[in-house]
Structure formats: C-alpha cells, structure tokens
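Chemist: Here it is: the structure, laid out below.
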Amino acid sequence: DSPYATLDDLEGRSFGFTDPLSLSGHYYPLSMLIDAHEDPRTYFSDTVYTHNHDASMRAVRDGIVDAASVDSLVYEHEVERNSAWEDSLRVIQRSRPLAISPVVVPRTTDPSVRRTIERALLTMHETPRGRVILRELRLDRFVSPPPGLYDDDAQLVDRVETFLGSHR
C-alpha cells in the first residue's frame, strides 16, 4: 500500500541493505544511484543492514524501512512458500542478471580435499539425495564457472568502492 513505484520515489526515504559485502543487497543498489548521478551516502534518509535477504523483506513488510534490496532467488522462494509475501511487497526494479555467489575454500585447503568437495558439488544432481538438497536450495546443479563470469560484478564493486572512497 506504499506509494513507492520507482527508485526516484525512494529519495529521502529509509532503505534496508542486506549486508555490506552483498552484491545484490548492497553494491548493485549503490551502483544504480551512482549511475543516476546521485550520492548513495545522502540519497536515503536512513539506512540499515538487515544481514540477510529475508530479514530485508520483513523489514519492509513490518514498516521498519520503506524499501530494501533483496536477492531474487530469496524473494521468489519466500513468495513460493508464502503467497502473503507477494501481496505485501511490491518489486519496483530488477537488476540485470548477477552471477550467483560462488562456493569458495581457503587457498590453504589441501588440494585433495578441494577436489573432493568440488566433485561432490558438481555431481550432486546425479543422486536422489543430492537432487533433494538442490531443490531445497532452488538450484538445478552446481557448475564450474566459466572464465570471466564475475568480471562485470567485480568492476561494479570496484566502481562503487572508488566512488565511496573518493567521496568520503
């Protein structure tokens, strides 16, 4: 029932980011403001970090913030589980497709352990138990990322960090 239908409508309103390190929940919305020649540090009246996407959805629903950035996989999952979400929230803008978060291990991980983990993830869609787990995660399967998959996203983060660093 809010009047907000575009990003422009949110100027001077409160906003919920998921996490300072989240591409979809932090960096992408900031990049949208920078691209619109707005200062993301002053655009909203107040900002909070909810530290996860479903908490951002609850913060909007409960009136804690006027709007929030939410990963589409989380949003779609919550709407599928509970249609009341769709009735209580309005999507006002969607990002370009963003690469899903990678699975990473420390560089110090023993190579044989790394190969075992990688093999388990890349083949889990081939077993009944693995398919159940993937279905719960709303994933079809894990794949090895092609070279450069994260390059555009890394450039976006660098651009936001440069803007914020030069405007502090």
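Following the order of the structure tokens, chains are lettered A, B, ..., residues in each are numbered from 1, and ligands are numbered from 1.
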May I have the residues within 12 Å of stretch 143-149 of chain A as a PDB file with N, CA and C atoms, in the first residue's frame, using only C-alpha atoms and disregarding those fewer than 3 positions away in the same chain?
Modeler:
ATOM      1  N   PRO A  97      20.889  -9.531 -14.689  1.00  0.00           N
ATOM      2  CA  PRO A  97      21.282 -10.811 -14.085  1.00  0.00           C
ATOM      3  C   PRO A  97      22.663 -10.710 -13.432  1.00  0.00           C
ATOM      4  N   LEU A  98      22.741 -11.182 -12.199  1.00  0.00           N
ATOM      5  CA  LEU A  98      24.002 -11.197 -11.470  1.00  0.00           C
ATOM      6  C   LEU A  98      24.419 -12.643 -11.268  1.00  0.00           C
ATOM      7  N   ALA A  99      25.707 -12.888 -11.299  1.00  0.00           N
ATOM      8  CA  ALA A  99      26.206 -14.242 -11.060  1.00  0.00           C
ATOM      9  C   ALA A  99      25.856 -14.653  -9.635  1.00  0.00           C
ATOM     10  N   ILE A 100      25.488 -15.909  -9.471  1.00  0.00           N
ATOM     11  CA  ILE A 100      25.188 -16.421  -8.142  1.00  0.00           C
ATOM     12  C   ILE A 100      26.490 -16.529  -7.354  1.00  0.00           C
ATOM     13  N   SER A 101      26.397 -16.437  -6.063  1.00  0.00           N
ATOM     14  CA  SER A 101      27.590 -16.490  -5.216  1.00  0.00           C
ATOM     15  C   SER A 101      28.341 -17.806  -5.418  1.00  0.00           C
ATOM     16  N   PRO A 102      29.650 -17.724  -5.491  1.00  0.00           N
ATOM     17  CA  PRO A 102      30.435 -18.942  -5.667  1.00  0.00           C
ATOM     18  C   PRO A 102      30.609 -19.685  -4.344  1.00  0.00           C
ATOM     19  N   VAL A 103      30.966 -20.936  -4.446  1.00  0.00           N
ATOM     20  CA  VAL A 103      31.407 -21.705  -3.285  1.00  0.00           C
ATOM     21  C   VAL A 103      32.925 -21.586  -3.280  1.00  0.00           C
ATOM     22  N   VAL A 104      33.493 -21.158  -2.173  1.00  0.00           N
ATOM     23  CA  VAL A 104      34.939 -20.953  -2.102  1.00  0.00           C
ATOM     24  C   VAL A 104      35.515 -21.679  -0.888  1.00  0.00           C
ATOM     25  N   GLU A 118      34.752 -30.310  -4.602  1.00  0.00           N
ATOM     26  CA  GLU A 118      34.330 -29.928  -5.953  1.00  0.00           C
ATOM     27  C   GLU A 118      33.576 -31.065  -6.636  1.00  0.00           C
ATOM     28  N   ARG A 119      34.081 -32.266  -6.539  1.00  0.00           N
ATOM     29  CA  ARG A 119      33.433 -33.427  -7.161  1.00  0.00           C
ATOM     30  C   ARG A 119      32.051 -33.661  -6.549  1.00  0.00           C
ATOM     31  N   ALA A 120      31.954 -33.526  -5.226  1.00  0.00           N
ATOM     32  CA  ALA A 120      30.662 -33.725  -4.563  1.00  0.00           C
ATOM     33  C   ALA A 120      29.637 -32.693  -5.039  1.00  0.00           C
ATOM     34  N   LEU A 121      30.060 -31.443  -5.149  1.00  0.00           N
ATOM     35  CA  LEU A 121      29.137 -30.394  -5.594  1.00  0.00           C
ATOM     36  C   LEU A 121      28.754 -30.557  -7.061  1.00  0.00           C
ATOM     37  N   LEU A 122      29.727 -30.848  -7.902  1.00  0.00           N
ATOM     38  CA  LEU A 122      29.466 -30.922  -9.343  1.00  0.00           C
ATOM     39  C   LEU A 122      28.677 -32.161  -9.753  1.00  0.00           C
ATOM     40  N   THR A 123      28.609 -33.161  -8.890  1.00  0.00           N
ATOM     41  CA  THR A 123      27.877 -34.381  -9.239  1.00  0.00           C
ATOM     42  C   THR A 123      26.629 -34.601  -8.387  1.00  0.00           C
ATOM     43  N   MET A 124      26.324 -33.710  -7.461  1.00  0.00           N
ATOM     44  CA  MET A 124      25.205 -33.970  -6.547  1.00  0.00           C
ATOM     45  C   MET A 124      23.867 -34.057  -7.270  1.00  0.00           C
ATOM     46  N   HIS A 125      23.717 -33.426  -8.434  1.00  0.00           N
ATOM     47  CA  HIS A 125      22.463 -33.515  -9.190  1.00  0.00           C
ATOM     48  C   HIS A 125      22.223 -34.916  -9.745  1.00  0.00           C
ATOM     49  N   LEU A 139      18.212 -24.719  -6.688  1.00  0.00           N
ATOM     50  CA  LEU A 139      19.247 -24.797  -7.706  1.00  0.00           C
ATOM     51  C   LEU A 139      19.040 -26.051  -8.540  1.00  0.00           C
ATOM     52  N   ASP A 140      19.429 -25.985  -9.798  1.00  0.00           N
ATOM     53  CA  ASP A 140      19.385 -27.170 -10.654  1.00  0.00           C
ATOM     54  C   ASP A 140      20.628 -28.024 -10.440  1.00  0.00           C
ATOM     55  N   ASP A 152      32.327  -8.571 -14.604  1.00  0.00           N
ATOM     56  CA  ASP A 152      31.443  -7.401 -14.583  1.00  0.00           C
ATOM     57  C   ASP A 152      31.051  -7.035 -13.158  1.00  0.00           C
ATOM     58  N   ASP A 153      30.789  -8.057 -12.347  1.00  0.00           N
ATOM     59  CA  ASP A 153      30.414  -7.808 -10.956  1.00  0.00           C
ATOM     60  C   ASP A 153      31.582  -7.202 -10.182  1.00  0.00           C
ATOM     61  N   ALA A 154      32.787  -7.681 -10.432  1.00  0.00           N
ATOM     62  CA  ALA A 154      33.974  -7.134  -9.761  1.00  0.00           C
ATOM     63  C   ALA A 154      34.187  -5.677 -10.176  1.00  0.00           C
ATOM     64  N   GLN A 155      33.952  -5.360 -11.435  1.00  0.00           N
ATOM     65  CA  GLN A 155      34.080  -3.981 -11.894  1.00  0.00           C
ATOM     66  C   GLN A 155      33.034  -3.085 -11.227  1.00  0.00           C
TER      67      GLN A 155
END
Chemist: List the neighbours of A:Asp71 out to 9 Å using only C-alpha atoms; skip same-chain residues closer than 2 positions along the sequence, and give me the result as a ChimeraX atom specification.
Modeler: /A:24-25,53-54,69,73-76
Chemist: With only C-alpha atoms as the basis for distance, which of A:Arg141, A:Ala68, A:Arg61, A:Gly16 is at the shortest distance from A:Ala84?
Modeler: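 Ranking A:Arg141, A:Ala68, A:Arg61, A:Gly16 by distance to A:Ala84, first place goes to A:Arg61.
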Chemist: Using only C-alpha atoms, which protein or nucleic acid residues come within 12 Å of A:Thr50? Drop anything in the same chain fewer than 2 positions from it, and give the result as a PyMOL selection string.
Modeler: chain A and resi 15-20+22+25-26+47-48+52-60+64-65+67-70
Chemist: List as a list of chain:residue names the protein and nucleic acid residues near A:Arg138, meaning an atom at most 8 Å away when only C-alpha atoms are counted, but skip any in the same chain fewer than 3 places from it.
Modeler: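 With the cut-off at 8 Å, the set is A:Leu73, A:His77, A:Leu134, A:Arg135.
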Chemist: Counting only C-alpha atoms, which of A:Leu156, A:Gly63, A:Tyr150, A:Pro128 gets nearest to A:Ser88?
Modeler: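 Checking each candidate against A:Ser88, we get A:Gly63 as the closest.
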Chemist: Please extract the residues of chain A with a backbone DSSP assignment of helix (DSSP H, G or I) and present them as number ranges by chain.
Modeler: A: 7-10, 23-35, 53-61, 72-81, 84-88, 111-126, 128-137, 151-166
Chemist: If we count only C-alpha atoms, what is near stretch 7-9 of chain A at a cut-off of 10 Å, once residues fewer than 4 positions away on the same chain are taken out, given as a PDB file with N, CA, C and O atoms, in the first residue's frame?
Modeler:
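This went into selection.pdb:
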ATOM      1  N   PRO A   3       3.257   4.264  -1.590  1.00  0.00           N
ATOM      2  CA  PRO A   3       3.182   4.979  -2.869  1.00  0.00           C
ATOM      3  C   PRO A   3       4.416   4.788  -3.750  1.00  0.00           C
ATOM      4  O   PRO A   3       4.468   5.308  -4.857  1.00  0.00           O
ATOM      5  N   ARG A  13      13.843   8.578   1.723  1.00  0.00           N
ATOM      6  CA  ARG A  13      13.140   7.520   2.477  1.00  0.00           C
ATOM      7  C   ARG A  13      14.164   6.588   3.117  1.00  0.00           C
ATOM      8  O   ARG A  13      15.348   6.623   2.826  1.00  0.00           O
ATOM      9  N   PRO A  29      22.490  -1.826  -5.689  1.00  0.00           N
ATOM     10  CA  PRO A  29      21.666  -0.619  -5.494  1.00  0.00           C
ATOM     11  C   PRO A  29      22.504   0.665  -5.422  1.00  0.00           C
ATOM     12  O   PRO A  29      22.082   1.699  -5.943  1.00  0.00           O
ATOM     13  N   MET A  32      23.360   1.702  -8.909  1.00  0.00           N
ATOM     14  CA  MET A  32      22.219   2.312  -9.598  1.00  0.00           C
ATOM     15  C   MET A  32      22.143   3.804  -9.266  1.00  0.00           C
ATOM     16  O   MET A  32      21.873   4.628 -10.142  1.00  0.00           O
ATOM     17  N   LEU A  33      22.357   4.136  -8.012  1.00  0.00           N
ATOM     18  CA  LEU A  33      22.322   5.547  -7.609  1.00  0.00           C
ATOM     19  C   LEU A  33      23.471   6.324  -8.239  1.00  0.00           C
ATOM     20  O   LEU A  33      23.286   7.441  -8.737  1.00  0.00           O
ATOM     21  N   ALA A  36      22.809   7.075 -11.708  1.00  0.00           N
ATOM     22  CA  ALA A  36      21.792   8.131 -11.832  1.00  0.00           C
ATOM     23  C   ALA A  36      22.327   9.487 -11.350  1.00  0.00           C
ATOM     24  O   ALA A  36      21.552  10.431 -11.193  1.00  0.00           O
ATOM     25  N   TYR A  43      21.310   9.880  -0.344  1.00  0.00           N
ATOM     26  CA  TYR A  43      20.056   9.708  -1.082  1.00  0.00           C
ATOM     27  C   TYR A  43      18.902   9.285  -0.171  1.00  0.00           C
ATOM     28  O   TYR A  43      17.802   9.791  -0.273  1.00  0.00           O
ATOM     29  N   ALA A  67      11.925   0.601   1.884  1.00  0.00           N
ATOM     30  CA  ALA A  67      12.297  -0.277   0.773  1.00  0.00           C
ATOM     31  C   ALA A  67      13.582  -1.007   1.137  1.00  0.00           C
ATOM     32  O   ALA A  67      14.282  -0.618   2.071  1.00  0.00           O
ATOM     33  N   ILE A  92       9.874  -2.953  -7.317  1.00  0.00           N
ATOM     34  CA  ILE A  92       9.856  -1.716  -8.097  1.00  0.00           C
ATOM     35  C   ILE A  92      10.973  -1.674  -9.135  1.00  0.00           C
ATOM     36  O   ILE A  92      10.920  -0.864 -10.051  1.00  0.00           O
ATOM     37  N   GLN A  93      11.967  -2.519  -9.000  1.00  0.00           N
ATOM     38  CA  GLN A  93      13.028  -2.569 -10.001  1.00  0.00           C
ATOM     39  C   GLN A  93      13.782  -3.887  -9.864  1.00  0.00           C
ATOM     40  O   GLN A  93      13.947  -4.399  -8.765  1.00  0.00           O
TER      41      GLN A  93
END
Chemist: Assign secondary structure with DSSP using the backbone only, and return the residues of stretch 9-158 of chain A in strand (DSSP E) as JSON, numbers by chain.
Modeler: {"A": [14, 15, 16, 17, 46, 47, 48, 49, 67, 68]}
Chemist: Given the selection you just returned, output its residues as a file containing all heavy atoms, formatted as a PDB file, in the first residue's frame.
Modeler:
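What ended up in out_12.pdb:
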ATOM      1  N   SER A  14      13.686   5.695   3.973  1.00  0.00           N
ATOM      2  CA  SER A  14      14.581   4.740   4.630  1.00  0.00           C
ATOM      3  C   SER A  14      14.764   3.510   3.744  1.00  0.00           C
ATOM      4  O   SER A  14      13.867   3.128   2.992  1.00  0.00           O
ATOM      5  CB  SER A  14      14.025   4.342   5.993  1.00  0.00           C
ATOM      6  OG  SER A  14      12.758   3.734   5.854  1.00  0.00           O
ATOM      7  N   PHE A  15      15.954   2.913   3.855  1.00  0.00           N
ATOM      8  CA  PHE A  15      16.295   1.794   2.972  1.00  0.00           C
ATOM      9  C   PHE A  15      17.062   0.738   3.739  1.00  0.00           C
ATOM     10  O   PHE A  15      17.930   1.054   4.549  1.00  0.00           O
ATOM     11  CB  PHE A  15      17.143   2.292   1.794  1.00  0.00           C
ATOM     12  CG  PHE A  15      17.237   1.303   0.670  1.00  0.00           C
ATOM     13  CD1 PHE A  15      16.250   1.237  -0.297  1.00  0.00           C
ATOM     14  CD2 PHE A  15      18.316   0.442   0.596  1.00  0.00           C
ATOM     15  CE1 PHE A  15      16.336   0.322  -1.337  1.00  0.00           C
ATOM     16  CE2 PHE A  15      18.418  -0.479  -0.437  1.00  0.00           C
ATOM     17  CZ  PHE A  15      17.425  -0.535  -1.411  1.00  0.00           C
ATOM     18  N   GLY A  16      16.763  -0.526   3.458  1.00  0.00           N
ATOM     19  CA  GLY A  16      17.448  -1.658   4.075  1.00  0.00           C
ATOM     20  C   GLY A  16      18.369  -2.354   3.087  1.00  0.00           C
ATOM     21  O   GLY A  16      17.928  -2.809   2.033  1.00  0.00           O
ATOM     22  N   PHE A  17      19.641  -2.399   3.430  1.00  0.00           N
ATOM     23  CA  PHE A  17      20.608  -3.189   2.675  1.00  0.00           C
ATOM     24  C   PHE A  17      20.775  -4.505   3.415  1.00  0.00           C
ATOM     25  O   PHE A  17      20.624  -4.577   4.628  1.00  0.00           O
ATOM     26  CB  PHE A  17      21.962  -2.477   2.611  1.00  0.00           C
ATOM     27  CG  PHE A  17      21.956  -1.212   1.808  1.00  0.00           C
ATOM     28  CD1 PHE A  17      21.953   0.022   2.438  1.00  0.00           C
ATOM     29  CD2 PHE A  17      21.954  -1.252   0.430  1.00  0.00           C
ATOM     30  CE1 PHE A  17      21.961   1.194   1.704  1.00  0.00           C
ATOM     31  CE2 PHE A  17      21.960  -0.080  -0.317  1.00  0.00           C
ATOM     32  CZ  PHE A  17      21.955   1.143   0.327  1.00  0.00           C
ATOM     33  N   ASP A  46      17.682   7.316   5.867  1.00  0.00           N
ATOM     34  CA  ASP A  46      18.274   6.415   6.857  1.00  0.00           C
ATOM     35  C   ASP A  46      18.499   5.077   6.183  1.00  0.00           C
ATOM     36  O   ASP A  46      17.707   4.659   5.330  1.00  0.00           O
ATOM     37  CB  ASP A  46      17.329   6.252   8.047  1.00  0.00           C
ATOM     38  CG  ASP A  46      17.953   5.472   9.190  1.00  0.00           C
ATOM     39  OD1 ASP A  46      19.174   5.607   9.411  1.00  0.00           O
ATOM     40  OD2 ASP A  46      17.228   4.714   9.849  1.00  0.00           O
ATOM     41  N   THR A  47      19.578   4.403   6.543  1.00  0.00           N
ATOM     42  CA  THR A  47      19.835   3.059   6.018  1.00  0.00           C
ATOM     43  C   THR A  47      20.186   2.125   7.162  1.00  0.00           C
ATOM     44  O   THR A  47      20.731   2.558   8.189  1.00  0.00           O
ATOM     45  CB  THR A  47      20.986   3.048   4.990  1.00  0.00           C
ATOM     46  OG1 THR A  47      22.177   3.526   5.611  1.00  0.00           O
ATOM     47  CG2 THR A  47      20.646   3.883   3.763  1.00  0.00           C
ATOM     48  N   VAL A  48      19.846   0.872   6.978  1.00  0.00           N
ATOM     49  CA  VAL A  48      20.186  -0.169   7.945  1.00  0.00           C
ATOM     50  C   VAL A  48      20.684  -1.390   7.185  1.00  0.00           C
ATOM     51  O   VAL A  48      20.381  -1.559   6.002  1.00  0.00           O
ATOM     52  CB  VAL A  48      18.981  -0.572   8.836  1.00  0.00           C
ATOM     53  CG1 VAL A  48      18.490   0.594   9.655  1.00  0.00           C
ATOM     54  CG2 VAL A  48      17.860  -1.159   7.997  1.00  0.00           C
ATOM     55  N   TYR A  49      21.432  -2.217   7.875  1.00  0.00           N
ATOM     56  CA  TYR A  49      21.824  -3.524   7.340  1.00  0.00           C
ATOM     57  C   TYR A  49      21.026  -4.571   8.092  1.00  0.00           C
ATOM     58  O   TYR A  49      21.070  -4.629   9.320  1.00  0.00           O
ATOM     59  CB  TYR A  49      23.326  -3.770   7.528  1.00  0.00           C
ATOM     60  CG  TYR A  49      24.166  -2.938   6.606  1.00  0.00           C
ATOM     61  CD1 TYR A  49      24.862  -1.834   7.083  1.00  0.00           C
ATOM     62  CD2 TYR A  49      24.254  -3.243   5.256  1.00  0.00           C
ATOM     63  CE1 TYR A  49      25.631  -1.056   6.236  1.00  0.00           C
ATOM     64  CE2 TYR A  49      25.017  -2.464   4.397  1.00  0.00           C
ATOM     65  CZ  TYR A  49      25.701  -1.384   4.895  1.00  0.00           C
ATOM     66  OH  TYR A  49      26.456  -0.621   4.053  1.00  0.00           O
ATOM     67  N   ALA A  67      11.925   0.601   1.884  1.00  0.00           N
ATOM     68  CA  ALA A  67      12.297  -0.277   0.773  1.00  0.00           C
ATOM     69  C   ALA A  67      13.582  -1.007   1.137  1.00  0.00           C
ATOM     70  O   ALA A  67      14.282  -0.618   2.071  1.00  0.00           O
ATOM     71  CB  ALA A  67      12.488   0.533  -0.504  1.00  0.00           C
ATOM     72  N   ALA A  68      13.881  -2.051   0.376  1.00  0.00           N
ATOM     73  CA  ALA A  68      15.105  -2.818   0.623  1.00  0.00           C
ATOM     74  C   ALA A  68      15.528  -3.530  -0.649  1.00  0.00           C
ATOM     75  O   ALA A  68      14.713  -3.766  -1.543  1.00  0.00           O
ATOM     76  CB  ALA A  68      14.888  -3.842   1.742  1.00  0.00           C
TER      77      ALA A  68
END
Chemist: In Å to one decimal, how far is atom CA of A:Tyr27 from atom CA of A:Val157?
Modeler: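 These two atoms are separated by 6.1 Å.
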Chemist: Please provide as a list in words all residues within 12 Å of A:Val105, with the sequence filter that same-chain residues fewer than 5 positions apart are discarded (counting only C-alpha atoms).
Modeler: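 The filter keeps Asp110, Pro111, Val113, Arg114, Arg115, Thr116, Ile117 and Glu118 of chain A.
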Chemist: For the selection you just gave me, I'd like the residues written to a file as an mmCIF file, in the first residue's frame, keeping N, CA and C atoms.
Modeler:
data_model
loop_
_atom_site.group_PDB
_atom_site.id
_atom_site.type_symbol
_atom_site.label_atom_id
_atom_site.label_comp_id
_atom_site.auth_asym_id
_atom_site.auth_seq_id
_atom_site.Cartn_x
_atom_site.Cartn_y
_atom_site.Cartn_z
ATOM 1 N N ASP A 110 43.855 -28.333 1.526
ATOM 2 C CA ASP A 110 44.578 -29.416 0.868
ATOM 3 C C ASP A 110 43.944 -29.681 -0.502
ATOM 4 N N PRO A 111 44.744 -29.765 -1.556
ATOM 5 C CA PRO A 111 44.197 -29.969 -2.898
ATOM 6 C C PRO A 111 43.289 -31.204 -3.025
ATOM 7 N N VAL A 113 41.356 -32.430 -0.677
ATOM 8 C CA VAL A 113 40.090 -32.065 -0.036
ATOM 9 C C VAL A 113 39.302 -31.151 -0.972
ATOM 10 N N ARG A 114 39.974 -30.208 -1.584
ATOM 11 C CA ARG A 114 39.323 -29.293 -2.535
ATOM 12 C C ARG A 114 38.694 -30.080 -3.692
ATOM 13 N N ARG A 115 39.422 -31.053 -4.240
ATOM 14 C CA ARG A 115 38.891 -31.874 -5.343
ATOM 15 C C ARG A 115 37.690 -32.694 -4.883
ATOM 16 N N THR A 116 37.720 -33.209 -3.663
ATOM 17 C CA THR A 116 36.604 -33.991 -3.127
ATOM 18 C C THR A 116 35.354 -33.115 -2.991
ATOM 19 N N ILE A 117 35.532 -31.935 -2.459
ATOM 20 C CA ILE A 117 34.400 -31.010 -2.321
ATOM 21 C C ILE A 117 33.853 -30.647 -3.696
ATOM 22 N N GLU A 118 34.752 -30.310 -4.602
ATOM 23 C CA GLU A 118 34.330 -29.928 -5.953
ATOM 24 C C GLU A 118 33.576 -31.065 -6.636
#
Chemist: What separation in Å, quoted to one decimal, exists between atom CA of A:Leu164 and atom CA of A:Asp39?
Modeler: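 Interatomic distance here is 8.9 Å.
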Chemist: With only C-alpha atoms as the atoms that count, which of A:Asp158, A:Ser45, A:Tyr4, A:Asp66 lies nearest to A:Leu23?
Modeler: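 Using only C-alpha atoms, the shortest distance to A:Leu23 belongs to A:Asp158.
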Chemist: Give the answer as one residue: which of A:Thr162, A:His37, A:Ser95, A:Glu136 has the shortest atom-to-atom distance to A:Glu78, using only C-alpha atoms?
Modeler: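 Result for the nearest residue to A:Glu78: A:Glu136.
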